[in-house]
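Colleague: Here you go, model-v4.pdb (PDB, C-alpha atoms):
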ATOM      1  CA  GLN A 746    -146.188  89.191  64.030  1.00  0.00           C
ATOM      2  CA  VAL A 747    -147.693  91.909  66.132  1.00  0.00           C
ATOM      3  CA  GLN A 748    -150.243  91.392  68.877  1.00  0.00           C
ATOM      4  CA  LEU A 749    -152.453  94.330  69.715  1.00  0.00           C
ATOM      5  CA  VAL A 750    -154.414  94.728  72.939  1.00  0.00           C
ATOM      6  CA  GLU A 751    -157.043  97.423  73.402  1.00  0.00           C
ATOM      7  CA  SER A 752    -158.273  98.875  76.676  1.00  0.00           C
ATOM      8  CA  GLY A 753    -160.274 101.816  77.928  1.00  0.00           C
ATOM      9  CA  GLY A 754    -163.744 100.926  76.748  1.00  0.00           C
ATOM     10  CA  GLY A 755    -166.752 101.301  78.976  1.00  0.00           C
ATOM     11  CA  SER A 756    -170.185 102.826  79.416  1.00  0.00           C
ATOM     12  CA  VAL A 757    -170.745 106.571  79.439  1.00  0.00           C
ATOM     13  CA  GLN A 758    -173.600 108.978  78.986  1.00  0.00           C
ATOM     14  CA  ALA A 759    -173.979 111.081  75.901  1.00  0.00           C
ATOM     15  CA  GLY A 760    -171.614 114.025  75.972  1.00  0.00           C
ATOM     16  CA  GLY A 761    -169.034 112.129  77.981  1.00  0.00           C
ATOM     17  CA  SER A 762    -165.491 111.141  77.071  1.00  0.00           C
ATOM     18  CA  LEU A 763    -163.410 107.995  76.899  1.00  0.00           C
ATOM     19  CA  ARG A 764    -159.810 107.340  75.958  1.00  0.00           C
ATOM     20  CA  LEU A 765    -159.021 104.069  74.248  1.00  0.00           C
ATOM     21  CA  SER A 766    -155.506 102.692  74.228  1.00  0.00           C
ATOM     22  CA  CYS A 767    -153.893  99.977  72.143  1.00  0.00           C
ATOM     23  CA  VAL A 768    -150.591  98.416  73.139  1.00  0.00           C
ATOM     24  CA  ALA A 769    -148.443  96.501  70.668  1.00  0.00           C
ATOM     25  CA  SER A 770    -146.482  93.401  71.642  1.00  0.00           C
ATOM     26  CA  ARG A 771    -143.328  94.691  70.015  1.00  0.00           C
ATOM     27  CA  TYR A 772    -141.775  97.846  68.642  1.00  0.00           C
ATOM     28  CA  ILE A 773    -143.772  99.425  65.812  1.00  0.00           C
ATOM     29  CA  SER A 774    -141.486 101.287  63.449  1.00  0.00           C
ATOM     30  CA  VAL A 775    -142.078 104.749  62.042  1.00  0.00           C
ATOM     31  CA  ASP A 776    -143.235 103.186  58.780  1.00  0.00           C
ATOM     32  CA  TYR A 777    -146.534 101.685  59.858  1.00  0.00           C
ATOM     33  CA  CYS A 778    -150.155 102.569  59.348  1.00  0.00           C
ATOM     34  CA  MET A 779    -152.270 102.251  62.473  1.00  0.00           C
ATOM     35  CA  ALA A 780    -155.976 102.738  62.821  1.00  0.00           C
ATOM     36  CA  TRP A 781    -159.104 102.450  64.890  1.00  0.00           C
ATOM     37  CA  PHE A 782    -162.151 100.724  63.465  1.00  0.00           C
ATOM     38  CA  ARG A 783    -165.527 100.079  65.016  1.00  0.00           C
ATOM     39  CA  GLN A 784    -168.419  97.744  64.470  1.00  0.00           C
ATOM     40  CA  ALA A 785    -171.895  98.175  65.859  1.00  0.00           C
ATOM     41  CA  PRO A 786    -174.375  95.272  66.099  1.00  0.00           C
ATOM     42  CA  GLY A 787    -175.838  94.480  62.710  1.00  0.00           C
ATOM     43  CA  GLN A 788    -173.617  96.956  60.933  1.00  0.00           C
ATOM     44  CA  GLU A 789    -170.491  96.722  58.853  1.00  0.00           C
ATOM     45  CA  ARG A 790    -167.097  97.572  60.267  1.00  0.00           C
ATOM     46  CA  GLU A 791    -166.142 101.194  59.629  1.00  0.00           C
ATOM     47  CA  GLY A 792    -162.917 103.077  59.855  1.00  0.00           C
ATOM     48  CA  VAL A 793    -162.812 105.700  62.594  1.00  0.00           C
ATOM     49  CA  ALA A 794    -159.317 107.161  62.316  1.00  0.00           C
ATOM     50  CA  THR A 795    -156.001 106.286  60.707  1.00  0.00           C
ATOM     51  CA  ILE A 796    -152.501 107.568  61.362  1.00  0.00           C
ATOM     52  CA  TYR A 797    -149.042 107.099  59.893  1.00  0.00           C
ATOM     53  CA  THR A 798    -146.560 106.336  62.663  1.00  0.00           C
ATOM     54  CA  GLY A 799    -143.962 108.438  60.898  1.00  0.00           C
ATOM     55  CA  GLY A 800    -146.127 111.515  61.375  1.00  0.00           C
ATOM     56  CA  GLY A 801    -148.887 113.183  59.420  1.00  0.00           C
ATOM     57  CA  ASP A 802    -151.312 111.465  57.063  1.00  0.00           C
ATOM     58  CA  THR A 803    -154.070 111.366  59.650  1.00  0.00           C
ATOM     59  CA  ILE A 804    -157.660 110.908  58.568  1.00  0.00           C
ATOM     60  CA  TYR A 805    -160.961 110.706  60.404  1.00  0.00           C
ATOM     61  CA  ALA A 806    -164.407 109.477  59.501  1.00  0.00           C
ATOM     62  CA  ASP A 807    -166.747 112.403  58.930  1.00  0.00           C
ATOM     63  CA  SER A 808    -168.929 111.219  61.803  1.00  0.00           C
ATOM     64  CA  VAL A 809    -166.140 111.722  64.374  1.00  0.00           C
ATOM     65  CA  LYS A 810    -164.284 114.767  63.041  1.00  0.00           C
ATOM     66  CA  GLY A 811    -163.827 117.385  65.703  1.00  0.00           C
ATOM     67  CA  ARG A 812    -164.746 114.948  68.479  1.00  0.00           C
ATOM     68  CA  PHE A 813    -162.133 112.173  68.270  1.00  0.00           C
ATOM     69  CA  ALA A 814    -158.347 112.434  68.156  1.00  0.00           C
ATOM     70  CA  ILE A 815    -155.919 109.654  67.265  1.00  0.00           C
ATOM     71  CA  SER A 816    -152.349 109.696  68.528  1.00  0.00           C
ATOM     72  CA  ARG A 817    -149.394 107.343  68.724  1.00  0.00           C
ATOM     73  CA  ASP A 818    -146.345 106.984  70.939  1.00  0.00           C
ATOM     74  CA  ILE A 819    -143.714 104.893  69.237  1.00  0.00           C
ATOM     75  CA  ALA A 820    -141.531 104.602  72.332  1.00  0.00           C
ATOM     76  CA  LYS A 821    -144.436 103.293  74.402  1.00  0.00           C
ATOM     77  CA  LYS A 822    -145.761 101.165  71.521  1.00  0.00           C
ATOM     78  CA  THR A 823    -149.216 102.646  71.978  1.00  0.00           C
ATOM     79  CA  LEU A 824    -152.015 103.972  69.825  1.00  0.00           C
ATOM     80  CA  ASP A 825    -154.675 106.059  71.547  1.00  0.00           C
ATOM     81  CA  LEU A 826    -158.087 107.357  70.610  1.00  0.00           C
ATOM     82  CA  GLN A 827    -159.440 110.260  72.629  1.00  0.00           C
ATOM     83  CA  MET A 828    -163.203 110.361  72.229  1.00  0.00           C
ATOM     84  CA  ASN A 829    -165.095 113.462  73.342  1.00  0.00           C
ATOM     85  CA  ASP A 830    -168.742 114.477  73.093  1.00  0.00           C
ATOM     86  CA  LEU A 831    -169.756 110.863  72.696  1.00  0.00           C
ATOM     87  CA  ARG A 832    -173.104 110.069  71.141  1.00  0.00           C
ATOM     88  CA  PRO A 833    -175.306 106.960  71.296  1.00  0.00           C
ATOM     89  CA  GLU A 834    -174.418 106.248  67.667  1.00  0.00           C
ATOM     90  CA  ASP A 835    -170.781 105.844  68.733  1.00  0.00           C
ATOM     91  CA  THR A 836    -171.759 102.649  70.552  1.00  0.00           C
ATOM     92  CA  ALA A 837    -169.730  99.800  69.061  1.00  0.00           C
ATOM     93  CA  ILE A 838    -166.820  97.467  69.572  1.00  0.00           C
ATOM     94  CA  TYR A 839    -163.654  99.403  68.784  1.00  0.00           C
ATOM     95  CA  TYR A 840    -160.687  97.655  67.232  1.00  0.00           C
ATOM     96  CA  CYS A 841    -157.067  98.665  66.868  1.00  0.00           C
ATOM     97  CA  ALA A 842    -155.286  97.675  63.650  1.00  0.00           C
ATOM     98  CA  ALA A 843    -151.779  97.946  62.227  1.00  0.00           C
ATOM     99  CA  ASN A 844    -149.987  97.259  58.968  1.00  0.00           C
ATOM    100  CA  PRO A 845    -146.608  98.102  57.464  1.00  0.00           C
ATOM    101  CA  ARG A 846    -147.024 101.053  55.134  1.00  0.00           C
ATOM    102  CA  SER A 847    -146.836 100.326  51.438  1.00  0.00           C
ATOM    103  CA  PRO A 848    -144.462 102.661  49.573  1.00  0.00           C
ATOM    104  CA  ASN A 849    -147.169 103.402  47.026  1.00  0.00           C
ATOM    105  CA  ARG A 850    -150.180 103.906  49.257  1.00  0.00           C
ATOM    106  CA  ARG A 851    -150.887 106.494  51.891  1.00  0.00           C
ATOM    107  CA  CYS A 852    -152.240 105.241  55.191  1.00  0.00           C
ATOM    108  CA  SER A 853    -155.333 107.352  54.652  1.00  0.00           C
ATOM    109  CA  ALA A 854    -156.148 105.290  51.549  1.00  0.00           C
ATOM    110  CA  LEU A 855    -156.301 101.963  53.383  1.00  0.00           C
ATOM    111  CA  SER A 856    -159.461 100.046  54.197  1.00  0.00           C
ATOM    112  CA  GLY A 857    -159.990  97.401  56.827  1.00  0.00           C
ATOM    113  CA  SER A 858    -158.962  94.543  54.564  1.00  0.00           C
ATOM    114  CA  ASP A 859    -155.544  96.162  54.117  1.00  0.00           C
ATOM    115  CA  PHE A 860    -154.614  95.738  57.780  1.00  0.00           C
ATOM    116  CA  ALA A 861    -152.853  92.526  58.806  1.00  0.00           C
ATOM    117  CA  TYR A 862    -152.826  92.932  62.582  1.00  0.00           C
ATOM    118  CA  TRP A 863    -155.903  93.371  64.767  1.00  0.00           C
ATOM    119  CA  GLY A 864    -156.729  93.570  68.433  1.00  0.00           C
ATOM    120  CA  GLN A 865    -159.580  91.723  70.108  1.00  0.00           C
ATOM    121  CA  GLY A 866    -161.713  94.835  70.520  1.00  0.00           C
ATOM    122  CA  THR A 867    -163.081  96.872  73.392  1.00  0.00           C
ATOM    123  CA  GLN A 868    -166.743  97.721  73.926  1.00  0.00           C
ATOM    124  CA  VAL A 869    -167.907 101.330  74.042  1.00  0.00           C
ATOM    125  CA  THR A 870    -171.502 101.977  75.061  1.00  0.00           C
ATOM    126  CA  VAL A 871    -173.004 105.461  75.053  1.00  0.00           C
ATOM    127  CA  SER A 872    -176.406 105.969  76.613  1.00  0.00           C
ATOM    128  CA  SER A 873    -178.723 108.878  75.921  1.00  0.00           C
TER
END
Would you put the structure from the file into structure tokens?

Modeller:
Amino acid sequence: QVQLVESGGGSVQAGGSLRLSCVASRYISVDYCMAWFRQAPGQEREGVATIYTGGGDTIYADSVKGRFAISRDIAKKTLDLQMNDLRPEDTAIYYCAANPRSPNRRCSALSGSDFAYWGQGTQVTVSS
């Protein structure tokens, strides 16, 4: 079992930045997929960014490419999401997720239902 706890959410104006952080309750090996998802009111959950803890295999949603950056620190057991140039449409609850990587599937191929471990979420609100 892995517990994940997100932090760093808040309210910012459009064009501002936030850095989300997710801390795991135990060591996450180099063979995990970790990701950030978000869900806005009345909308389906969408993947924002995914990373392989062993390095590489990083993928971003088209809507955040060039603005968001996902990173992980295995020693600190953290997963971060740097969000720049925020827009009102980025407003959502952001969730951290983790799952052991399957030998036959790249992390970038996973969807939300493939992740076993989830955090409780942190609210991000961007005003225009």

Colleague: Step by step, work through what the PyMOL selection byres ((chain A and resi 817-827) around 7) selects in the shown file, and finish by giving those residues as a list in words.

Modeller: Leu763, Arg764, Leu765, Ser766, Cys767, Val768, Ala769, Tyr772, Ile773, Thr798, Phe813, Ala814, Ile815, Ser816, Met828 and Asn829 of chain A

Colleague: Expand the PyMOL selection byres ((chain A and resi 788) around 12) into the individual residues it matches in the shown file, reporting them as a list in words.

Modeller: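 Evaluating the PyMOL selection byres ((chain A and resi 788) around 12) on this file yields Arg783, Gln784, Ala785, Pro786, Gly787, Glu789, Arg790, Glu791, Glu834, Thr836, Ala837 and Ile838 of chain A.
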
Colleague: I want to know what sits within 10 Å of Ile796 in chain A, based on only C-alpha atoms, with residues of the same chain fewer than 5 positions away left out; could you give that as number ranges by chain?

Modeller: A: 777-781, 801-805, 815-817, 824, 843, 851-853

Colleague: Restrict the selected residues to C-alpha atoms and save them as a CSV table (one decimal), in the frame of the given file.

Modeller:
chain,number,residue,atom,x,y,z
A,777,TYR,CA,-146.5,101.7,59.9
A,778,CYS,CA,-150.2,102.6,59.3
A,779,MET,CA,-152.3,102.3,62.5
A,780,ALA,CA,-156.0,102.7,62.8
A,781,TRP,CA,-159.1,102.4,64.9
A,801,GLY,CA,-148.9,113.2,59.4
A,802,ASP,CA,-151.3,111.5,57.1
A,803,THR,CA,-154.1,111.4,59.6
A,804,ILE,CA,-157.7,110.9,58.6
A,805,TYR,CA,-161.0,110.7,60.4
A,815,ILE,CA,-155.9,109.7,67.3
A,816,SER,CA,-152.3,109.7,68.5
A,817,ARG,CA,-149.4,107.3,68.7
A,824,LEU,CA,-152.0,104.0,69.8
A,843,ALA,CA,-151.8,97.9,62.2
A,851,ARG,CA,-150.9,106.5,51.9
A,852,CYS,CA,-152.2,105.2,55.2
A,853,SER,CA,-155.3,107.4,54.7

Colleague: Once the PyMOL selection byres ((chain A and resi 864) around 6) is applied to the coordinates I shared, what remains selected? I want it as a PyMOL selection string.

Modeller: chain A and resi 749-750+840-841+863+865-866

Colleague: State, in Å with one decimal place, the distance from CA of Phe782 in chain A to CA of Ala806 in chain A.

Modeller: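 According to the coordinates, CA of Phe782 in chain A and CA of Ala806 in chain A are separated by 9.9 Å.
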
Colleague: I want to know what sits within 7 Å of Gly760 in chain A, based on all atoms listed in the file, with residues of the same chain fewer than 5 positions away left out; could you give that as a count of residues only?

Modeller: 3

Colleague: Could I get range 808-823 of chain A from the block written as a CSV table (one decimal), in the first residue's frame, with all heavy atoms?

Modeller:
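selection.csv, written as the output of this step:
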chain,number,residue,atom,x,y,z
A,808,SER,N,-3.2,20.2,-23.7
A,808,SER,CA,-3.6,21.5,-23.1
A,808,SER,C,-2.6,22.1,-22.2
A,808,SER,O,-2.7,23.3,-21.8
A,808,SER,CB,-4.9,21.3,-22.4
A,808,SER,OG,-4.8,20.3,-21.4
A,809,VAL,N,-1.6,21.3,-21.7
A,809,VAL,CA,-0.6,21.8,-20.7
A,809,VAL,C,0.8,21.8,-21.2
A,809,VAL,O,1.7,22.3,-20.5
A,809,VAL,CB,-0.7,21.1,-19.4
A,809,VAL,CG1,-2.1,21.1,-18.8
A,809,VAL,CG2,-0.2,19.7,-19.5
A,810,LYS,N,1.0,21.3,-22.4
A,810,LYS,CA,2.4,21.2,-23.0
A,810,LYS,C,3.0,22.6,-23.0
A,810,LYS,O,2.3,23.5,-23.5
A,810,LYS,CB,2.3,20.6,-24.3
A,810,LYS,CG,2.2,19.1,-24.3
A,810,LYS,CD,2.2,18.5,-25.8
A,810,LYS,CE,2.0,17.0,-25.8
A,810,LYS,NZ,1.9,16.5,-27.1
A,811,GLY,N,4.2,22.7,-22.6
A,811,GLY,CA,4.9,23.9,-22.6
A,811,GLY,C,4.7,24.8,-21.4
A,811,GLY,O,5.3,25.8,-21.2
A,812,ARG,N,3.7,24.5,-20.6
A,812,ARG,CA,3.3,25.3,-19.4
A,812,ARG,C,3.6,24.5,-18.1
A,812,ARG,O,3.9,25.1,-17.1
A,812,ARG,CB,1.8,25.7,-19.5
A,812,ARG,CG,1.5,26.5,-20.7
A,812,ARG,CD,0.1,27.1,-20.6
A,812,ARG,NE,-0.9,26.0,-20.6
A,812,ARG,CZ,-1.8,25.9,-19.6
A,812,ARG,NH1,-1.8,26.7,-18.5
A,812,ARG,NH2,-2.7,24.9,-19.6
A,813,PHE,N,3.3,23.2,-18.1
A,813,PHE,CA,3.5,22.4,-17.0
A,813,PHE,C,4.7,21.5,-17.1
A,813,PHE,O,5.1,21.1,-18.2
A,813,PHE,CB,2.3,21.5,-16.8
A,813,PHE,CG,1.0,22.2,-16.4
A,813,PHE,CD1,0.9,23.6,-16.4
A,813,PHE,CD2,-0.1,21.5,-15.9
A,813,PHE,CE1,-0.3,24.2,-16.1
A,813,PHE,CE2,-1.3,22.1,-15.6
A,813,PHE,CZ,-1.4,23.5,-15.6
A,814,ALA,N,5.3,21.1,-15.9
A,814,ALA,CA,6.4,20.2,-15.9
A,814,ALA,C,6.3,19.3,-14.8
A,814,ALA,O,6.2,19.7,-13.6
A,814,ALA,CB,7.8,21.0,-15.9
A,815,ILE,N,6.4,18.0,-15.0
A,815,ILE,CA,6.3,17.0,-14.0
A,815,ILE,C,7.7,16.5,-13.6
A,815,ILE,O,8.6,16.4,-14.5
A,815,ILE,CB,5.4,15.8,-14.5
A,815,ILE,CG1,5.2,14.8,-13.3
A,815,ILE,CG2,6.1,15.1,-15.6
A,815,ILE,CD1,4.2,13.7,-13.6
A,816,SER,N,8.0,16.3,-12.4
A,816,SER,CA,9.3,15.8,-12.0
A,816,SER,C,9.1,14.9,-10.7
A,816,SER,O,8.1,15.0,-10.0
A,816,SER,CB,10.2,17.0,-11.7
A,816,SER,OG,9.7,17.8,-10.6
A,817,ARG,N,10.1,14.1,-10.5
A,817,ARG,CA,10.0,13.2,-9.3
A,817,ARG,C,11.4,13.1,-8.7
A,817,ARG,O,12.4,13.3,-9.3
A,817,ARG,CB,9.6,11.8,-9.7
A,817,ARG,CG,10.7,10.8,-10.2
A,817,ARG,CD,11.0,11.0,-11.7
A,817,ARG,NE,12.0,10.1,-12.2
A,817,ARG,CZ,13.3,10.4,-12.4
A,817,ARG,NH1,13.7,11.7,-12.0
A,817,ARG,NH2,14.1,9.6,-12.9
A,818,ASP,N,11.4,12.9,-7.4
A,818,ASP,CA,12.6,12.8,-6.6
A,818,ASP,C,12.4,11.5,-5.8
A,818,ASP,O,11.7,11.5,-4.8
A,818,ASP,CB,12.8,14.0,-5.7
A,818,ASP,CG,14.1,14.0,-5.0
A,818,ASP,OD1,14.6,12.9,-4.5
A,818,ASP,OD2,14.7,15.0,-4.8
A,819,ILE,N,13.1,10.4,-6.2
A,819,ILE,CA,12.9,9.1,-5.5
A,819,ILE,C,13.3,9.2,-4.1
A,819,ILE,O,12.7,8.6,-3.2
A,819,ILE,CB,13.6,8.0,-6.4
A,819,ILE,CG1,12.9,7.9,-7.7
A,819,ILE,CG2,13.6,6.7,-5.6
A,819,ILE,CD1,13.6,6.9,-8.6
A,820,ALA,N,14.4,9.8,-3.8
A,820,ALA,CA,15.0,9.9,-2.5
A,820,ALA,C,14.0,10.6,-1.5
A,820,ALA,O,13.9,10.2,-0.4
A,820,ALA,CB,16.3,10.6,-2.5
A,821,LYS,N,13.4,11.6,-2.0
A,821,LYS,CA,12.4,12.4,-1.2
A,821,LYS,C,11.0,11.8,-1.2
A,821,LYS,O,10.2,12.3,-0.5
A,821,LYS,CB,12.4,13.8,-1.6
A,821,LYS,CG,13.8,14.6,-1.4
A,821,LYS,CD,13.7,16.0,-1.8
A,821,LYS,CE,15.0,16.7,-1.5
A,821,LYS,NZ,14.9,18.2,-1.9
A,822,LYS,N,10.8,10.8,-2.1
A,822,LYS,CA,9.5,10.2,-2.3
A,822,LYS,C,8.5,11.2,-2.7
A,822,LYS,O,7.3,11.2,-2.3
A,822,LYS,CB,9.0,9.5,-1.0
A,822,LYS,CG,10.0,8.5,-0.4
A,822,LYS,CD,9.5,7.9,0.9
A,822,LYS,CE,9.5,8.8,2.0
A,822,LYS,NZ,9.1,8.3,3.3
A,823,THR,N,8.8,12.1,-3.6
A,823,THR,CA,7.9,13.2,-4.0
A,823,THR,C,7.7,13.2,-5.5
A,823,THR,O,8.6,12.8,-6.3
A,823,THR,CB,8.5,14.6,-3.6
A,823,THR,OG1,9.8,14.8,-4.2
A,823,THR,CG2,8.5,14.7,-2.1
